[in-house]
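A.B. asks: Input structure: run-v4.cif, which contains mmCIF, C-alpha atoms.
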data_work
#
loop_
_atom_site.label_atom_id
_atom_site.label_comp_id
_atom_site.auth_asym_id
_atom_site.auth_seq_id
_atom_site.Cartn_x
_atom_site.Cartn_y
_atom_site.Cartn_z
CA MET A 269 7.78 5.46 -12.86
CA ARG A 270 9.52 4.62 -16.14
CA ASP A 271 8.16 5.97 -19.43
CA ASN A 272 7.30 2.52 -20.75
CA GLU A 273 5.25 1.81 -17.63
CA ILE A 274 3.18 4.90 -18.36
CA LEU A 275 2.53 3.67 -21.90
CA LEU A 276 1.59 0.23 -20.65
CA ASP A 277 -0.86 1.78 -18.19
CA THR A 278 -2.87 3.45 -20.94
CA GLY A 279 -3.94 0.25 -22.67
CA THR A 280 -1.63 0.15 -25.67
CA ASN A 281 -2.06 -3.64 -26.03
CA GLU A 282 1.54 -4.22 -25.01
CA PHE A 283 3.11 -6.04 -22.10
CA GLU A 284 6.49 -7.11 -20.80
CA ILE A 285 7.69 -10.66 -20.31
CA ILE A 286 10.67 -11.95 -18.38
CA GLU A 287 12.40 -14.65 -20.41
CA PHE A 288 14.06 -17.56 -18.62
CA PHE A 289 15.39 -20.93 -19.67
CA ILE A 290 15.83 -24.53 -18.58
CA ASP A 291 18.86 -26.46 -19.80
CA GLU A 292 17.69 -29.89 -20.79
CA VAL A 293 19.55 -33.18 -21.09
CA ASP A 294 17.96 -35.07 -23.96
CA GLY A 295 19.54 -38.35 -25.02
CA GLY A 296 22.95 -37.10 -23.99
CA ALA A 297 22.71 -33.88 -26.02
CA ASP A 298 22.37 -30.60 -24.19
CA ASP A 299 19.45 -28.40 -25.19
CA ARG A 300 17.99 -25.13 -23.93
CA ASP A 301 14.25 -24.44 -23.65
CA TYR A 302 13.00 -20.86 -23.39
CA PHE A 303 9.94 -19.74 -21.44
CA GLY A 304 8.32 -16.50 -20.40
CA ILE A 305 5.81 -15.01 -17.96
CA ASN A 306 4.29 -11.58 -17.59
CA VAL A 307 6.82 -9.45 -15.72
CA ALA A 308 3.95 -7.92 -13.74
CA LYS A 309 3.75 -11.21 -11.80
CA VAL A 310 7.44 -11.24 -10.88
CA LEU A 311 8.62 -9.77 -7.60
CA GLU A 312 12.31 -10.60 -7.98
CA VAL A 313 14.82 -13.21 -9.10
CA VAL A 314 17.12 -14.77 -6.50
CA GLU A 315 19.86 -17.38 -6.49
CA ALA A 316 18.70 -20.85 -5.53
CA PRO A 317 20.08 -22.03 -2.18
CA ASP A 318 21.78 -25.39 -1.73
CA GLY A 319 19.78 -28.32 -0.44
CA LEU A 320 16.50 -27.90 -2.32
CA GLU A 321 15.02 -31.31 -3.07
CA ALA A 322 11.65 -32.93 -3.59
CA ALA A 323 9.65 -32.92 -0.38
CA GLU A 324 8.42 -36.30 0.86
CA GLY A 325 4.64 -36.59 0.74
CA ALA A 326 4.35 -33.43 -1.36
CA PRO A 327 1.22 -32.93 -3.52
CA HIS A 328 3.45 -33.14 -6.62
CA PRO A 329 7.07 -34.25 -7.18
CA SER A 330 7.88 -30.75 -8.45
CA TYR A 331 7.39 -29.31 -4.95
CA LEU A 332 10.81 -28.65 -3.40
CA GLY A 333 9.69 -27.54 0.03
CA THR A 334 10.37 -24.02 1.27
CA MET A 335 13.18 -21.54 1.63
CA SER A 336 13.60 -18.43 3.74
CA LEU A 337 13.42 -15.15 1.84
CA ARG A 338 13.80 -12.27 4.27
CA ASP A 339 10.55 -12.22 6.27
CA ILE A 340 8.64 -14.90 4.33
CA ILE A 341 8.79 -18.66 3.96
CA LEU A 342 8.78 -19.22 0.21
CA PRO A 343 7.42 -22.44 -1.31
CA VAL A 344 9.50 -23.50 -4.33
CA ILE A 345 8.37 -25.40 -7.42
CA ASP A 346 10.82 -27.11 -9.78
CA LEU A 347 9.43 -25.99 -13.13
CA ALA A 348 11.45 -28.59 -15.06
CA VAL A 349 9.85 -31.44 -13.11
CA TRP A 350 6.39 -30.02 -13.68
CA LEU A 351 7.04 -29.76 -17.42
CA GLY A 352 8.54 -33.24 -17.61
CA ILE A 353 11.98 -31.92 -18.55
CA GLU A 354 15.20 -33.61 -17.41
CA ARG A 355 17.13 -30.56 -16.31
CA LYS A 356 20.91 -30.41 -16.66
CA GLU A 357 22.31 -29.59 -13.24
CA SER A 358 24.09 -26.26 -12.99
CA GLU A 359 26.32 -24.76 -10.32
CA TYR A 360 24.15 -21.64 -10.22
CA GLU A 361 20.40 -21.83 -10.66
CA LEU A 362 17.78 -19.18 -10.09
CA ILE A 363 14.37 -18.87 -8.49
CA VAL A 364 11.80 -16.60 -10.10
CA VAL A 365 9.70 -15.22 -7.24
CA THR A 366 6.12 -14.48 -8.30
CA GLU A 367 2.96 -13.08 -6.76
CA ILE A 368 -0.19 -14.56 -8.27
CA ASN A 369 -3.65 -14.23 -6.74
CA ASN A 370 -1.93 -12.72 -3.68
CA VAL A 371 0.14 -15.90 -3.23
CA ILE A 372 3.94 -15.65 -3.33
CA THR A 373 5.74 -18.66 -4.87
CA GLY A 374 9.20 -19.42 -6.22
CA PHE A 375 9.88 -21.32 -9.46
CA LEU A 376 13.29 -22.97 -9.95
CA VAL A 377 14.83 -22.43 -13.42
CA THR A 378 18.31 -22.69 -14.91
CA GLY A 379 18.71 -19.01 -15.72
CA VAL A 380 17.12 -15.75 -16.83
CA THR A 381 17.93 -13.87 -20.04
CA GLN A 382 16.14 -10.50 -20.19
CA ILE A 383 12.86 -8.60 -20.22
CA HIS A 384 11.10 -8.10 -23.55
CA ARG A 385 8.30 -5.72 -24.43
CA ILE A 386 5.85 -7.19 -26.95
CA GLY A 387 2.31 -6.73 -28.20
CA TRP A 388 -0.50 -9.10 -27.28
CA GLY A 389 -1.02 -9.58 -31.01
CA ASP A 390 2.45 -11.20 -31.13
CA LEU A 391 1.33 -13.95 -28.74
CA LYS A 392 0.32 -16.93 -30.86
CA THR A 393 -1.90 -19.83 -29.86
CA PRO A 394 0.17 -22.95 -29.06
CA ASN A 395 0.13 -25.68 -31.69
CA LYS A 396 -1.88 -28.87 -31.22
CA TYR A 397 1.14 -30.88 -30.06
CA ILE A 398 1.83 -28.49 -27.19
CA ALA A 399 -1.86 -28.03 -26.37
CA ASP A 400 -2.34 -31.81 -26.02
CA LEU A 401 0.51 -32.36 -23.55
CA ASP A 402 -0.65 -33.91 -20.26
CA THR A 403 1.17 -31.27 -18.24
CA ASN A 404 0.12 -28.46 -20.58
CA CYS A 405 0.45 -25.07 -18.99
CA ILE A 406 1.48 -23.22 -22.15
CA THR A 407 -0.79 -20.31 -23.04
CA GLY A 408 0.98 -19.25 -26.23
CA THR A 409 4.25 -18.77 -28.08
CA VAL A 410 6.26 -15.66 -28.92
CA HIS A 411 8.91 -15.51 -31.66
CA LEU A 412 11.93 -13.60 -30.36
CA ASP A 413 15.05 -13.30 -32.49
CA GLU A 414 15.78 -16.83 -33.73
CA ARG A 415 13.88 -18.74 -31.06
CA PHE A 416 10.38 -19.42 -29.82
CA VAL A 417 9.52 -18.60 -26.22
CA LEU A 418 6.72 -20.58 -24.56
CA MET A 419 4.48 -18.53 -22.26
CA ILE A 420 3.78 -20.37 -19.00
CA ASP A 421 0.40 -20.42 -17.23
CA LEU A 422 1.61 -20.33 -13.63
CA GLU A 423 -1.96 -19.99 -12.36
CA ARG A 424 -2.77 -23.43 -13.74
CA ILE A 425 0.25 -24.95 -12.01
CA LEU A 426 -0.65 -23.39 -8.68
CA GLY A 427 -4.32 -24.26 -9.12
CA GLU A 428 -3.51 -27.94 -9.63
CA LEU A 429 -1.17 -27.95 -6.64
CA ASP A 430 -3.81 -26.21 -4.50
CA PRO A 431 -7.35 -26.72 -5.92
CA GLU A 432 -8.77 -24.19 -3.46
CA MET A 433 -6.92 -21.49 -5.42
CA ALA A 434 -8.89 -22.29 -8.57
CA GLU A 435 -12.19 -21.01 -7.22
CA ARG A 436 -12.89 -19.22 -3.96
CA SER A 437 -16.31 -18.49 -2.56
CA ASP A 438 -17.53 -16.11 0.08
CA GLY A 439 -20.35 -18.54 0.84
CA LYS A 440 -23.14 -16.23 -0.33
CA VAL A 441 -25.63 -16.86 -3.12
CA TYR A 442 -26.07 -13.99 -5.58
CA THR A 443 -29.07 -13.83 -7.91
CA ALA A 444 -30.02 -10.95 -10.18
CA PRO A 445 -33.56 -9.69 -9.47
CA GLU A 446 -34.33 -9.95 -13.18
CA LYS A 447 -32.63 -11.43 -16.23
CA MET A 448 -29.38 -9.61 -17.02
CA THR A 449 -26.87 -10.05 -19.84
CA ALA A 450 -23.10 -10.27 -19.37
CA VAL A 451 -20.28 -10.31 -21.90
CA LEU A 452 -17.54 -12.53 -20.44
CA VAL A 453 -14.05 -12.46 -21.97
CA ASP A 454 -11.27 -14.91 -21.11
CA ASP A 455 -8.83 -16.98 -23.17
CA SER A 456 -8.89 -19.92 -20.73
CA VAL A 457 -11.41 -22.67 -21.52
CA SER A 458 -11.66 -23.70 -17.87
CA VAL A 459 -12.13 -20.13 -16.62
CA ARG A 460 -14.82 -19.43 -19.24
CA ALA A 461 -16.64 -22.56 -18.09
CA LEU A 462 -16.56 -21.39 -14.44
CA LEU A 463 -17.67 -17.89 -15.40
CA ASN A 464 -20.50 -19.26 -17.52
CA LYS A 465 -21.68 -21.54 -14.72
CA ASN A 466 -21.61 -18.85 -12.04
CA PHE A 467 -23.28 -16.15 -14.11
CA GLU A 468 -26.00 -18.40 -15.46
CA SER A 469 -26.71 -19.53 -11.89
CA ALA A 470 -27.02 -15.84 -10.93
CA ASN A 471 -29.78 -15.29 -13.55
CA PHE A 472 -27.60 -13.95 -16.37
CA GLU A 473 -27.70 -14.58 -20.07
CA VAL A 474 -24.07 -15.03 -21.06
CA LYS A 475 -22.08 -14.15 -24.17
CA LEU A 476 -18.59 -15.72 -24.15
CA TYR A 477 -15.51 -14.48 -26.02
CA THR A 478 -11.91 -15.66 -26.05
CA ASN A 479 -10.02 -12.35 -26.33
CA GLY A 480 -10.46 -8.60 -26.27
CA GLN A 481 -10.49 -8.11 -30.04
CA GLU A 482 -13.20 -10.72 -30.52
CA ALA A 483 -15.30 -9.14 -27.76
CA LEU A 484 -14.83 -5.59 -29.06
CA ASP A 485 -15.84 -6.60 -32.60
CA ALA A 486 -18.94 -8.32 -31.23
CA LEU A 487 -19.89 -5.33 -29.06
CA LYS A 488 -19.62 -2.97 -32.03
CA GLU A 489 -21.82 -5.29 -34.10
CA ILE A 490 -24.39 -5.54 -31.30
CA ASN A 491 -24.33 -1.75 -30.98
CA THR A 492 -24.96 -1.29 -34.70
CA GLU A 493 -27.91 -3.68 -34.64
CA ALA A 494 -29.35 -2.01 -31.54
CA LYS A 495 -29.19 1.44 -33.19
CA GLN A 496 -30.81 0.11 -36.35
CA ASP A 497 -33.68 -1.12 -34.19
CA GLY A 498 -33.97 2.34 -32.63
CA GLY A 499 -32.46 1.33 -29.30
CA SER A 500 -29.13 1.39 -27.46
CA ILE A 501 -26.57 -1.23 -26.55
CA LYS A 502 -27.41 -0.67 -22.88
CA ASN A 503 -30.79 -2.26 -23.64
CA VAL A 504 -29.03 -5.41 -24.85
CA ILE A 505 -25.86 -5.73 -22.73
CA ASP A 506 -25.68 -4.99 -19.01
CA ILE A 507 -22.01 -5.54 -18.21
CA VAL A 508 -18.62 -6.61 -19.57
CA VAL A 509 -16.31 -8.81 -17.48
CA SER A 510 -12.83 -9.31 -18.88
CA ASP A 511 -9.57 -11.03 -18.11
CA ILE A 512 -6.44 -8.92 -18.59
CA GLU A 513 -3.92 -11.32 -20.13
CA MET A 514 -5.24 -12.45 -23.53
CA PRO A 515 -3.81 -12.83 -27.04
CA GLN A 516 -4.74 -10.36 -29.79
CA MET A 517 -6.08 -7.74 -27.37
CA ASP A 518 -5.69 -7.58 -23.59
CA GLY A 519 -8.29 -6.51 -21.07
CA TYR A 520 -6.78 -3.08 -20.45
CA THR A 521 -6.96 -2.23 -24.15
CA LEU A 522 -10.49 -3.63 -24.44
CA THR A 523 -11.60 -1.49 -21.49
CA ARG A 524 -9.97 1.63 -22.92
CA ASN A 525 -11.69 1.05 -26.28
CA ILE A 526 -15.07 0.60 -24.60
CA LYS A 527 -14.72 3.68 -22.42
CA GLU A 528 -13.56 5.87 -25.33
CA HIS A 529 -16.34 4.72 -27.69
CA ALA A 530 -19.29 7.09 -28.06
CA ASP A 531 -21.90 4.35 -27.63
CA LEU A 532 -20.12 1.58 -25.72
CA SER A 533 -18.96 3.86 -22.90
CA CYS A 534 -22.34 3.42 -21.21
CA LEU A 535 -21.40 -0.16 -20.30
CA PRO A 536 -19.84 -0.98 -16.92
CA VAL A 537 -16.61 -3.00 -17.11
CA ILE A 538 -15.07 -5.30 -14.51
CA LEU A 539 -11.51 -6.54 -14.87
CA PHE A 540 -11.17 -10.05 -13.42
CA SER A 541 -7.59 -11.27 -13.30
CA SER A 542 -4.74 -12.65 -11.22
CA LEU A 543 -2.98 -9.36 -12.01
CA ILE A 544 -5.33 -7.42 -9.71
CA THR A 545 -2.96 -6.49 -6.88
CA LYS A 546 -2.39 -3.34 -4.84
CA GLY A 547 0.70 -2.58 -6.88
CA LEU A 548 -1.09 -2.93 -10.23
CA TYR A 549 -4.55 -1.58 -9.37
CA HIS A 550 -3.68 1.79 -10.89
CA LYS A 551 -3.49 0.21 -14.36
CA GLY A 552 -7.18 -0.64 -14.33
CA GLU A 553 -8.02 2.81 -13.00
CA ALA A 554 -6.05 4.40 -15.85
CA VAL A 555 -8.32 2.79 -18.45
CA LYS A 556 -11.44 3.63 -16.38
CA ALA A 557 -12.44 0.11 -15.35
CA ASP A 558 -15.43 0.31 -13.00
CA ASP A 559 -14.23 -2.50 -10.75
CA GLN A 560 -11.29 -4.90 -10.44
CA ILE A 561 -11.47 -8.31 -8.79
CA THR A 562 -8.77 -10.92 -8.31
CA LYS A 563 -9.40 -14.11 -10.23
CA PRO A 564 -10.18 -16.76 -7.60
CA GLU A 565 -13.18 -14.79 -6.33
CA PHE A 566 -15.66 -16.22 -8.85
CA ASN A 567 -18.63 -16.12 -6.51
CA GLU A 568 -18.02 -12.57 -5.28
CA LEU A 569 -17.68 -11.48 -8.92
CA THR A 570 -21.34 -12.14 -9.68
CA GLY A 571 -22.44 -10.17 -6.63
CA ARG A 572 -20.26 -7.20 -7.53
CA ALA A 573 -21.51 -7.36 -11.13
CA ILE A 574 -25.16 -7.20 -10.03
CA SER A 575 -24.44 -4.26 -7.71
CA LEU A 576 -22.58 -2.39 -10.44
CA ILE A 577 -25.39 -2.90 -12.96
CA GLU A 578 -27.96 -1.64 -10.48
CA LYS A 579 -25.77 1.39 -9.76
CA TYR A 580 -25.53 2.21 -13.48
CA ARG A 581 -29.30 1.81 -13.91
CA ALA A 582 -29.99 4.12 -10.99
CA LYS A 583 -27.74 6.81 -12.48
CA ARG A 584 -29.50 6.58 -15.85
CA GLN A 585 -32.88 7.11 -14.20
CA GLN A 586 -31.59 10.32 -12.59
CA ILE A 587 -30.60 11.81 -15.95
#
When written as structure tokens, how does the structure in this file appear?
C.D. replies:
Amino acid sequence: MRDNEILLDTGTNEFEIIEFFIDEVDGGADDRDYFGINVAKVLEVVEAPDGLEAAEGAPHPSYLGTMSLRDIILPVIDLAVWLGIERKESEYELIVVTEINNVITGFLVTGVTQIHRIGWGDLKTPNKYIADLDTNCITGTVHLDERFVLMIDLERILGELDPEMAERSDGKVYTAPEKMTAVLVDDSVSVRALLNKNFESANFEVKLYTNGQEALDALKEINTEAKQDGGSIKNVIDIVVSDIEMPQMDGYTLTRNIKEHADLSCLPVILFSSLITKGLYHKGEAVKADDQITKPEFNELTGRAISLIEKYRAKRQQI
């Protein structure tokens, strides 16, 4: 393992992005648009084969059918078409092969530049113009050198192409035996809405936050108030459920801060993210997350949360 991977494992609020670009033809003038995704989602980059074209009857015109990649049949999405960009044709184009929510997909781009290591605090919220685009899948912007790189929400693209990916259910109904309180942290408005709905239906009171820093500040304030009243934060909050990829502070860093805090460490933490894969599971373990669940499993999440809370309560009674 490389040294920087070790640092990233410990929750230093840093991550790596792979930067790629699409050459655009705009009114006859060539232009280049830069984008990025978390390198943890990228399996490899391969040269695009000849003959890729929009598949007839596809769920979206960006779907280019499939290609063979060793032992898998890889579906390919033309990212330029999805973004509404008229791409300048190039003799050599690349496919960024990703694994998201255990689904492997290829995204056609013009080319790839390099991998950058940045802090989550460097990821800025997209401006109103970008946020209001009909095909918006931009989660933020990063200023690198003399250019801005737009971070792409590939989960949103795949979720719209396959709605079943957006929310999976194991068919069971989970209900807490008594009212419980959950802190839920995610920068996506749609994901927060789904989390709120599922946890409230499972007999939880919910506190919603948009990033790790906001949640950590709130937890410290709740802890202070609880101590002033002669109690403990464990009497107010039962569990923390956090996404990993968030601006300001990511879920790994939030978890590490909770587990290293004298008072907050009594709280169980679940990481809920599309980054929960076999190859990346060790990162959550390194920051002492109590459980890790891949993002489509919204329904299973509430059941695991209830079980984890009951486990923590049982341990406290034995002390």
A.B. asks: For the contact check between range 352-413 of chain A and range 504-514 of chain A, emit one row per residue of range 352-413 of chain A within 12 Å, containing the shortest atom pair and the distance in Å rounded to one decimal, counting all atoms listed in the file, chain then rising number order, as CSV.
C.D. replies:
residue,atom,partner,partner_atom,distance
A:Gly387,CA,A:Met514,CA,10.6
A:Trp388,CA,A:Met514,CA,6.9
A:Gly389,CA,A:Met514,CA,9.1
A:Asp390,CA,A:Met514,CA,10.9
A:Leu391,CA,A:Met514,CA,8.5
A:Lys392,CA,A:Met514,CA,10.2
A:Thr393,CA,A:Met514,CA,10.3
A:Thr407,CA,A:Met514,CA,9.0
A:Gly408,CA,A:Met514,CA,9.6
A.B. asks: Just so the selection is clear, what residues does the PyMOL selection byres ((chain A and resi 487-495) around 12) cover here, as a VMD selection string?
C.D. replies: chain A and resid 450 to 453 475 to 477 480 to 486 496 to 508 522 to 523 525 to 526 529 to 535
A.B. asks: Which residues fall under the PyMOL selection byres ((chain A and resi 290) around 6) in this file, as a PyMOL selection string?
C.D. replies: chain A and resi 289+291+300-301+377-378
A.B. asks: Which residues, protein or nucleic acid, reach to within 10 Å of (-26.1, -17.3, -14.2) in the file's coordinates when using all atoms listed in the file, and can you give that as a PyMOL selection string?
C.D. replies: chain A and resi 442-444+447-450+463-474+570
A.B. asks: List the spatial neighbours of range 362-368 of chain A as a VMD selection string - criterion: any atom at most 10 Å away, only C-alpha atoms, same-chain residues fewer than 5 positions off excluded.
C.D. replies: chain A and resid 286 288 305 to 317 337 342 to 347 373 to 380 422 to 423 426 541 to 545 562 to 563
A.B. asks: For the residues in the current selection, export C-alpha atoms as a PDB file, in the coordinates of the input.
C.D. replies:
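Contents of result.pdb, freshly written:
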ATOM      1  CA  ILE A 286      10.670 -11.950 -18.380  1.00  0.00           C
ATOM      2  CA  PHE A 288      14.060 -17.560 -18.620  1.00  0.00           C
ATOM      3  CA  ILE A 305       5.810 -15.010 -17.960  1.00  0.00           C
ATOM      4  CA  ASN A 306       4.290 -11.580 -17.590  1.00  0.00           C
ATOM      5  CA  VAL A 307       6.820  -9.450 -15.720  1.00  0.00           C
ATOM      6  CA  ALA A 308       3.950  -7.920 -13.740  1.00  0.00           C
ATOM      7  CA  LYS A 309       3.750 -11.210 -11.800  1.00  0.00           C
ATOM      8  CA  VAL A 310       7.440 -11.240 -10.880  1.00  0.00           C
ATOM      9  CA  LEU A 311       8.620  -9.770  -7.600  1.00  0.00           C
ATOM     10  CA  GLU A 312      12.310 -10.600  -7.980  1.00  0.00           C
ATOM     11  CA  VAL A 313      14.820 -13.210  -9.100  1.00  0.00           C
ATOM     12  CA  VAL A 314      17.120 -14.770  -6.500  1.00  0.00           C
ATOM     13  CA  GLU A 315      19.860 -17.380  -6.490  1.00  0.00           C
ATOM     14  CA  ALA A 316      18.700 -20.850  -5.530  1.00  0.00           C
ATOM     15  CA  PRO A 317      20.080 -22.030  -2.180  1.00  0.00           C
ATOM     16  CA  LEU A 337      13.420 -15.150   1.840  1.00  0.00           C
ATOM     17  CA  LEU A 342       8.780 -19.220   0.210  1.00  0.00           C
ATOM     18  CA  PRO A 343       7.420 -22.440  -1.310  1.00  0.00           C
ATOM     19  CA  VAL A 344       9.500 -23.500  -4.330  1.00  0.00           C
ATOM     20  CA  ILE A 345       8.370 -25.400  -7.420  1.00  0.00           C
ATOM     21  CA  ASP A 346      10.820 -27.110  -9.780  1.00  0.00           C
ATOM     22  CA  LEU A 347       9.430 -25.990 -13.130  1.00  0.00           C
ATOM     23  CA  THR A 373       5.740 -18.660  -4.870  1.00  0.00           C
ATOM     24  CA  GLY A 374       9.200 -19.420  -6.220  1.00  0.00           C
ATOM     25  CA  PHE A 375       9.880 -21.320  -9.460  1.00  0.00           C
ATOM     26  CA  LEU A 376      13.290 -22.970  -9.950  1.00  0.00           C
ATOM     27  CA  VAL A 377      14.830 -22.430 -13.420  1.00  0.00           C
ATOM     28  CA  THR A 378      18.310 -22.690 -14.910  1.00  0.00           C
ATOM     29  CA  GLY A 379      18.710 -19.010 -15.720  1.00  0.00           C
ATOM     30  CA  VAL A 380      17.120 -15.750 -16.830  1.00  0.00           C
ATOM     31  CA  LEU A 422       1.610 -20.330 -13.630  1.00  0.00           C
ATOM     32  CA  GLU A 423      -1.960 -19.990 -12.360  1.00  0.00           C
ATOM     33  CA  LEU A 426      -0.650 -23.390  -8.680  1.00  0.00           C
ATOM     34  CA  SER A 541      -7.590 -11.270 -13.300  1.00  0.00           C
ATOM     35  CA  SER A 542      -4.740 -12.650 -11.220  1.00  0.00           C
ATOM     36  CA  LEU A 543      -2.980  -9.360 -12.010  1.00  0.00           C
ATOM     37  CA  ILE A 544      -5.330  -7.420  -9.710  1.00  0.00           C
ATOM     38  CA  THR A 545      -2.960  -6.490  -6.880  1.00  0.00           C
ATOM     39  CA  THR A 562      -8.770 -10.920  -8.310  1.00  0.00           C
ATOM     40  CA  LYS A 563      -9.400 -14.110 -10.230  1.00  0.00           C
TER      41      LYS A 563
END
A.B. asks: What lies within 12 Å of Thr280 in chain A using all atoms listed in the file, ignoring chain neighbours under 6 positions off, as a list of chain:residue names?
C.D. replies: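 The residues that qualify are A:Asn272, A:Glu273, A:Ile274, A:Arg385, A:Ile386, A:Gly387, A:Trp388, A:Gly389, A:Gln516, A:Met517, A:Asp518, A:Gly519, A:Tyr520, A:Thr521, A:Leu522, A:Thr523, A:Arg524, A:Asn525, A:Lys551, A:Ala554, A:Val555.
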A.B. asks: Measure the distance from CA of Asn369 in chain A to CA of Glu428 in chain A in Å and round it to one decimal.
C.D. replies: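 Between CA of Asn369 in chain A and CA of Glu428 in chain A the gap is 14.0 Å.
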A.B. asks: Kindly indicate which residue among A:Asp339, A:Leu418, A:Pro327, A:Ser575 lies nearest to Glu287 in chain A, using only C-alpha atoms for the distances.
C.D. replies: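 For Glu287 in chain A, the nearest of the candidates is A:Leu418.
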A.B. asks: Could you jot down the CA of Gln560 in chain A to CA of Leu539 in chain A separation for me, Å, one decimal place?
C.D. replies: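 Interatomic distance here is 4.7 Å.
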